[in-house]
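K.L.:
See input.cif below, with mmCIF, C-alpha atoms; chains and numbers go by the auth columns.
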```
data_final
#
loop_
_atom_site.group_PDB
_atom_site.id
_atom_site.type_symbol
_atom_site.label_atom_id
_atom_site.label_comp_id
_atom_site.label_asym_id
_atom_site.label_seq_id
_atom_site.Cartn_x
_atom_site.Cartn_y
_atom_site.Cartn_z
_atom_site.B_iso_or_equiv
_atom_site.auth_seq_id
_atom_site.auth_asym_id
ATOM 1 C CA MET A 1 -68.121 35.209 98.689 0.00 1 O
ATOM 2 C CA GLY A 2 -68.230 39.028 98.675 0.00 2 O
ATOM 3 C CA ALA A 3 -69.773 41.216 95.998 0.00 3 O
ATOM 4 C CA ARG A 4 -67.627 41.866 92.972 0.00 4 O
ATOM 5 C CA PRO A 5 -66.369 45.463 92.894 0.00 5 O
ATOM 6 C CA ASP A 6 -68.326 46.442 89.763 0.00 6 O
ATOM 7 C CA ALA A 7 -71.554 44.989 91.167 0.00 7 O
ATOM 8 C CA VAL A 8 -71.779 47.795 93.737 0.00 8 O
ATOM 9 C CA ARG A 9 -70.730 50.717 91.556 0.00 9 O
ATOM 10 C CA HIS A 10 -73.013 53.120 89.756 0.00 10 O
ATOM 11 C CA VAL A 11 -73.594 52.527 86.053 0.00 11 O
ATOM 12 C CA ALA A 12 -73.060 55.748 84.105 0.00 12 O
ATOM 13 C CA LEU A 13 -74.148 56.190 80.512 0.00 13 O
ATOM 14 C CA ILE A 14 -72.172 58.546 78.300 0.00 14 O
ATOM 15 C CA GLY A 15 -72.697 59.477 74.671 0.00 15 O
ATOM 16 C CA LEU A 16 -73.747 62.227 72.351 0.00 16 O
ATOM 17 C CA ARG A 17 -77.037 64.057 72.572 0.00 17 O
ATOM 18 C CA ARG A 18 -79.891 61.843 71.342 0.00 18 O
ATOM 19 C CA ALA A 19 -77.850 58.660 71.823 0.00 19 O
ATOM 20 C CA GLY A 20 -80.593 57.366 74.120 0.00 20 O
ATOM 21 C CA LYS A 21 -78.951 57.851 77.516 0.00 21 O
ATOM 22 C CA SER A 22 -82.241 58.733 79.230 0.00 22 O
ATOM 23 C CA VAL A 23 -84.436 56.174 77.462 0.00 23 O
ATOM 24 C CA VAL A 24 -81.957 53.304 77.695 0.00 24 O
ATOM 25 C CA GLY A 25 -81.012 54.448 81.199 0.00 25 O
ATOM 26 C CA ARG A 26 -84.571 54.052 82.473 0.00 26 O
ATOM 27 C CA LEU A 27 -84.826 50.594 80.909 0.00 27 O
ATOM 28 C CA LEU A 28 -81.440 49.590 82.302 0.00 28 O
ATOM 29 C CA ALA A 29 -82.293 50.832 85.798 0.00 29 O
ATOM 30 C CA ALA A 30 -85.482 48.764 85.782 0.00 30 O
ATOM 31 C CA ALA A 31 -83.604 45.678 84.552 0.00 31 O
ATOM 32 C CA LEU A 32 -80.906 46.075 87.229 0.00 32 O
ATOM 33 C CA GLY A 33 -83.353 46.970 90.008 0.00 33 O
ATOM 34 C CA ARG A 34 -81.731 50.369 90.526 0.00 34 O
ATOM 35 C CA SER A 35 -82.962 53.927 90.557 0.00 35 O
ATOM 36 C CA PHE A 36 -82.409 56.123 87.498 0.00 36 O
ATOM 37 C CA VAL A 37 -80.986 59.645 87.619 0.00 37 O
ATOM 38 C CA ASP A 38 -80.513 62.046 84.709 0.00 38 O
ATOM 39 C CA VAL A 39 -77.762 64.601 85.377 0.00 39 O
ATOM 40 C CA ASP A 40 -79.550 67.255 83.293 0.00 40 O
ATOM 41 C CA VAL A 41 -82.770 66.821 85.305 0.00 41 O
ATOM 42 C CA ALA A 42 -80.910 66.808 88.640 0.00 42 O
ATOM 43 C CA LEU A 43 -79.022 69.950 87.588 0.00 43 O
ATOM 44 C CA ALA A 44 -82.262 71.734 86.642 0.00 44 O
ATOM 45 C CA GLU A 45 -83.953 70.701 89.890 0.00 45 O
ATOM 46 C CA ALA A 46 -80.997 71.902 91.970 0.00 46 O
ATOM 47 C CA THR A 47 -80.415 75.206 90.181 0.00 47 O
ATOM 48 C CA GLY A 48 -83.757 76.139 88.648 0.00 48 O
ATOM 49 C CA LEU A 49 -82.159 76.405 85.198 0.00 49 O
ATOM 50 C CA THR A 50 -82.267 73.828 82.423 0.00 50 O
ATOM 51 C CA PRO A 51 -78.995 73.057 80.650 0.00 51 O
ATOM 52 C CA ALA A 52 -80.264 75.038 77.641 0.00 52 O
ATOM 53 C CA ARG A 53 -80.868 78.110 79.827 0.00 53 O
ATOM 54 C CA TRP A 54 -77.534 77.705 81.604 0.00 54 O
ATOM 55 C CA LEU A 55 -75.717 77.686 78.286 0.00 55 O
ATOM 56 C CA ARG A 56 -77.776 80.486 76.774 0.00 56 O
ATOM 57 C CA GLU A 57 -77.668 82.801 79.812 0.00 57 O
ATOM 58 C CA ARG A 58 -74.362 82.015 81.502 0.00 58 O
ATOM 59 C CA GLY A 59 -72.154 80.291 78.938 0.00 59 O
ATOM 60 C CA GLU A 60 -70.534 76.909 78.539 0.00 60 O
ATOM 61 C CA ALA A 61 -67.751 77.176 81.160 0.00 61 O
ATOM 62 C CA PRO A 62 -70.130 77.929 84.088 0.00 62 O
ATOM 63 C CA PHE A 63 -72.493 75.239 82.830 0.00 63 O
ATOM 64 C CA ARG A 64 -69.696 72.652 82.727 0.00 64 O
ATOM 65 C CA ASP A 65 -68.744 73.634 86.301 0.00 65 O
ATOM 66 C CA VAL A 66 -72.249 73.018 87.636 0.00 66 O
ATOM 67 C CA GLU A 67 -72.646 69.897 85.490 0.00 67 O
ATOM 68 C CA ALA A 68 -69.412 68.460 86.955 0.00 68 O
ATOM 69 C CA ALA A 69 -70.518 69.306 90.495 0.00 69 O
ATOM 70 C CA THR A 70 -73.925 67.700 89.922 0.00 70 O
ATOM 71 C CA LEU A 71 -72.364 64.547 88.492 0.00 71 O
ATOM 72 C CA ALA A 72 -69.889 64.334 91.399 0.00 72 O
ATOM 73 C CA ALA A 73 -72.730 64.642 93.927 0.00 73 O
ATOM 74 C CA LEU A 74 -74.700 61.886 92.188 0.00 74 O
ATOM 75 C CA LEU A 75 -71.645 59.635 92.076 0.00 75 O
ATOM 76 C CA ASP A 76 -71.163 60.201 95.824 0.00 76 O
ATOM 77 C CA ALA A 77 -74.573 58.665 96.585 0.00 77 O
ATOM 78 C CA PRO A 78 -74.071 55.399 98.495 0.00 78 O
ATOM 79 C CA THR A 79 -76.774 53.414 96.689 0.00 79 O
ATOM 80 C CA PRO A 80 -75.764 52.339 93.180 0.00 80 O
ATOM 81 C CA ALA A 81 -77.927 53.908 90.477 0.00 81 O
ATOM 82 C CA VAL A 82 -77.990 54.186 86.716 0.00 82 O
ATOM 83 C CA ILE A 83 -76.888 57.723 85.815 0.00 83 O
ATOM 84 C CA ALA A 84 -77.411 59.371 82.425 0.00 84 O
ATOM 85 C CA THR A 85 -74.704 61.997 82.054 0.00 85 O
ATOM 86 C CA GLY A 86 -74.900 65.031 79.842 0.00 86 O
ATOM 87 C CA GLY A 87 -73.199 64.561 76.487 0.00 87 O
ATOM 88 C CA GLY A 88 -70.386 66.924 77.438 0.00 88 O
ATOM 89 C CA ALA A 89 -69.798 65.652 80.976 0.00 89 O
ATOM 90 C CA PRO A 90 -66.733 63.575 79.973 0.00 90 O
ATOM 91 C CA LEU A 91 -65.100 66.714 78.558 0.00 91 O
ATOM 92 C CA ARG A 92 -63.979 67.657 82.067 0.00 92 O
ATOM 93 C CA GLU A 93 -60.972 65.780 83.444 0.00 93 O
ATOM 94 C CA ALA A 94 -62.463 65.877 86.957 0.00 94 O
ATOM 95 C CA SER A 95 -65.645 64.256 85.680 0.00 95 O
ATOM 96 C CA ARG A 96 -63.685 61.538 83.869 0.00 96 O
ATOM 97 C CA ARG A 97 -61.749 60.792 87.072 0.00 97 O
ATOM 98 C CA ALA A 98 -64.957 60.677 89.143 0.00 98 O
ATOM 99 C CA LEU A 99 -66.614 58.363 86.625 0.00 99 O
ATOM 100 C CA ALA A 100 -63.582 56.047 86.592 0.00 100 O
ATOM 101 C CA ALA A 101 -63.456 55.922 90.387 0.00 101 O
ATOM 102 C CA ARG A 102 -67.145 55.420 91.136 0.00 102 O
ATOM 103 C CA ALA A 103 -68.968 54.015 88.112 0.00 103 O
ATOM 104 C CA THR A 104 -68.956 51.390 85.455 0.00 104 O
ATOM 105 C CA VAL A 105 -69.177 53.561 82.351 0.00 105 O
ATOM 106 C CA VAL A 106 -71.095 52.527 79.236 0.00 106 O
ATOM 107 C CA TYR A 107 -70.725 54.533 76.027 0.00 107 O
ATOM 108 C CA LEU A 108 -73.914 54.496 73.968 0.00 108 O
ATOM 109 C CA ARG A 109 -72.390 54.941 70.525 0.00 109 O
ATOM 110 C CA VAL A 110 -74.583 56.129 67.682 0.00 110 O
ATOM 111 C CA ASP A 111 -73.428 56.985 64.184 0.00 111 O
ATOM 112 C CA PRO A 112 -73.748 60.723 63.534 0.00 112 O
ATOM 113 C CA TRP A 113 -76.144 60.380 60.581 0.00 113 O
ATOM 114 C CA ILE A 114 -78.536 58.488 62.875 0.00 114 O
ATOM 115 C CA LEU A 115 -78.218 61.305 65.433 0.00 115 O
ATOM 116 C CA ALA A 116 -78.952 63.844 62.692 0.00 116 O
ATOM 117 C CA ALA A 117 -82.091 61.920 61.710 0.00 117 O
ATOM 118 C CA ARG A 118 -83.188 61.802 65.357 0.00 118 O
ATOM 119 C CA ALA A 119 -82.564 65.553 65.629 0.00 119 O
ATOM 120 C CA ALA A 120 -84.738 66.193 62.577 0.00 120 O
ATOM 121 C CA ARG A 121 -87.612 64.362 64.325 0.00 121 O
ATOM 122 C CA ASP A 122 -87.174 66.188 67.658 0.00 122 O
ATOM 123 C CA PRO A 123 -90.544 67.760 68.593 0.00 123 O
ATOM 124 C CA ASP A 124 -88.866 70.473 70.728 0.00 124 O
ATOM 125 C CA PRO A 125 -85.378 71.194 69.395 0.00 125 O
ATOM 126 C CA ALA A 126 -85.205 74.528 71.266 0.00 126 O
ATOM 127 C CA ALA A 127 -85.234 72.627 74.570 0.00 127 O
ATOM 128 C CA ARG A 128 -81.734 71.374 73.829 0.00 128 O
ATOM 129 C CA PRO A 129 -78.770 73.737 73.696 0.00 129 O
ATOM 130 C CA ILE A 130 -76.832 74.254 70.480 0.00 130 O
ATOM 131 C CA LEU A 131 -73.140 73.776 71.197 0.00 131 O
ATOM 132 C CA VAL A 132 -71.723 74.628 67.774 0.00 132 O
ATOM 133 C CA SER A 133 -71.970 77.791 65.723 0.00 133 O
ATOM 134 C CA ALA A 134 -75.339 78.594 64.159 0.00 134 O
ATOM 135 C CA ALA A 135 -73.808 77.973 60.750 0.00 135 O
ATOM 136 C CA GLU A 136 -72.908 74.449 61.860 0.00 136 O
ATOM 137 C CA GLY A 137 -76.182 73.729 63.691 0.00 137 O
ATOM 138 C CA ASP A 138 -77.275 70.978 61.290 0.00 138 O
ATOM 139 C CA ARG A 139 -73.773 69.519 61.445 0.00 139 O
ATOM 140 C CA GLU A 140 -73.669 69.283 65.251 0.00 140 O
ATOM 141 C CA PRO A 141 -73.881 65.460 65.419 0.00 141 O
ATOM 142 C CA TYR A 142 -70.996 65.150 62.943 0.00 142 O
ATOM 143 C CA VAL A 143 -68.870 67.812 64.646 0.00 143 O
ATOM 144 C CA HIS A 144 -69.372 66.372 68.132 0.00 144 O
ATOM 145 C CA PHE A 145 -68.885 62.785 66.983 0.00 145 O
ATOM 146 C CA ALA A 146 -65.556 63.725 65.401 0.00 146 O
ATOM 147 C CA GLU A 147 -64.515 65.598 68.557 0.00 147 O
ATOM 148 C CA ARG A 148 -65.757 63.165 71.199 0.00 148 O
ATOM 149 C CA ASP A 149 -65.839 59.564 69.946 0.00 149 O
ATOM 150 C CA ALA A 150 -62.228 58.809 70.906 0.00 150 O
ATOM 151 C CA LEU A 151 -62.633 60.544 74.290 0.00 151 O
ATOM 152 C CA TYR A 152 -65.783 58.568 75.068 0.00 152 O
ATOM 153 C CA ARG A 153 -63.998 55.330 74.114 0.00 153 O
ATOM 154 C CA THR A 154 -61.113 56.036 76.500 0.00 154 O
ATOM 155 C CA THR A 155 -63.537 57.023 79.273 0.00 155 O
ATOM 156 C CA CYS A 156 -65.784 53.961 79.135 0.00 156 O
ATOM 157 C CA ASP A 157 -65.616 50.383 80.332 0.00 157 O
ATOM 158 C CA ALA A 158 -67.906 49.165 77.524 0.00 158 O
ATOM 159 C CA VAL A 159 -69.137 50.426 74.162 0.00 159 O
ATOM 160 C CA VAL A 160 -72.740 49.659 73.202 0.00 160 O
ATOM 161 C CA GLU A 161 -74.017 50.268 69.681 0.00 161 O
ATOM 162 C CA ALA A 162 -77.209 52.309 70.187 0.00 162 O
ATOM 163 C CA SER A 163 -78.156 53.228 66.607 0.00 163 O
ATOM 164 C CA GLY A 164 -81.106 50.804 66.677 0.00 164 O
ATOM 165 C CA THR A 165 -83.949 50.435 69.134 0.00 165 O
ATOM 166 C CA PRO A 166 -83.669 51.200 72.844 0.00 166 O
ATOM 167 C CA GLU A 167 -84.452 47.538 73.541 0.00 167 O
ATOM 168 C CA ALA A 168 -81.515 46.392 71.403 0.00 168 O
ATOM 169 C CA ALA A 169 -79.208 48.832 73.191 0.00 169 O
ATOM 170 C CA LEU A 170 -80.535 47.596 76.541 0.00 170 O
ATOM 171 C CA ALA A 171 -79.839 43.965 75.633 0.00 171 O
ATOM 172 C CA ALA A 172 -76.307 44.814 74.521 0.00 172 O
ATOM 173 C CA ALA A 173 -75.688 46.901 77.664 0.00 173 O
ATOM 174 C CA LEU A 174 -76.896 44.097 79.937 0.00 174 O
ATOM 175 C CA GLU A 175 -74.639 41.618 78.127 0.00 175 O
ATOM 176 C CA ARG A 176 -71.572 43.829 78.519 0.00 176 O
ATOM 177 C CA LEU A 177 -72.355 44.687 82.124 0.00 177 O
ATOM 178 C CA ALA A 178 -72.702 40.978 82.971 0.00 178 O
ATOM 179 C CA ILE A 179 -69.234 40.409 81.519 0.00 179 O
ATOM 180 C CA LEU A 180 -67.953 43.250 83.730 0.00 180 O
ATOM 181 C CA GLY A 181 -69.595 41.697 86.802 0.00 181 O
ATOM 182 C CA VAL A 182 -72.443 44.167 87.219 0.00 182 O
ATOM 183 C CA ASP A 183 -75.376 42.270 88.639 0.00 183 O
ATOM 184 C CA GLY A 184 -79.078 42.898 88.507 0.00 184 O
ATOM 185 C CA PRO A 185 -81.274 42.886 91.566 0.00 185 O
ATOM 186 C CA ALA A 186 -80.270 40.580 94.390 0.00 186 O
ATOM 187 C CA ARG A 187 -82.140 37.288 94.299 0.00 187 O
ATOM 188 C CA GLU A 188 -83.497 35.807 97.495 0.00 188 O
ATOM 189 C CA GLY A 189 -81.645 32.725 98.557 0.00 189 O
ATOM 190 C CA ALA A 190 -78.639 33.554 96.393 0.00 190 O
#
```
Starting from the coordinates I provided, produce the structure as structure tokens.

P.N.:
Amino acid sequence: MGARPDAVRHVALIGLRRAGKSVVGRLLAAALGRSFVDVDVALAEATGLTPARWLRERGEAPFRDVEAATLAALLDAPTPAVIATGGGAPLREASRRALAARATVVYLRVDPWILAARAARDPDPAARPILVSAAEGDREPYVHFAERDALYRTTCDAVVEASGTPEAALAAALERLAILGVDGPAREGA
């Protein structure tokens, strides 16, 4: 019996900033026996600029171009990995098509008031770009949730509630991925 199609695809995590894509992604990669890649980190390593600097110095459109190119390159890798996308990656049609073609997509959904509380505890808020007007800075989780929740839902294969602990989100993600046919590490003798 051959491998199920989803078992050999990347797993991509989408969601708003502070939804836990990196934390849950690392846990998920370990549980599935895959490598973990964060698009923001890969972008910074490739270009020498963090997403915050890209946005501050060059603007959102050029940043989204390089973000889409970085995501596409990661999705082209032959070995399935767990990939944490940037929160805005699904905004680009090309990125949504690439995700649909080459990944099983999990939306880590977090209520905006939980995101706002996480933002208030952020030890280095300047490291993350502000993508709304300064007047709306404190409202960013609410603004982006209203703008993106439906898009994330239509982009994903599974929605995972991630308002609680990373371990709870991991358990829910593993359950949904098993239903979709995404397997963990190969077992000897299987």

K.L.:
I would like the residues chosen by the PyMOL selection byres ((chain O and resi 20-29) around 10) on the shown file; could you give them as a count of residues only?

P.N.:
48

K.L.:
For O:Pro78, which residue among O:Arg153, O:Arg92, O:Arg102, O:Arg58 is the nearest when counting only C-alpha atoms?

P.N.:
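Result for the nearest residue to O:Pro78: O:Arg102.
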
K.L.:
Please evaluate the PyMOL selection byres ((chain O and resi 154) around 12) against the structure above and give the resulting residues as a list in words.

P.N.:
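Here the PyMOL selection byres ((chain O and resi 154) around 12) matches Ile14, Pro90, Leu91, Glu93, Arg96, Arg97, Leu99, Ala100, Val105, Val106, Tyr107, Arg148, Asp149, Ala150, Leu151, Tyr152, Arg153, Thr155, Cys156, Asp157, Ala158 and Val159 of chain O.
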
K.L.:
For atom CA of O:Leu75 and atom CA of O:Glu175, determine how far apart the two atoms are, in Å to one decimal place.

P.N.:
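Atom CA of O:Glu175 lies at a distance of 23.0 Å from atom CA of O:Leu75.
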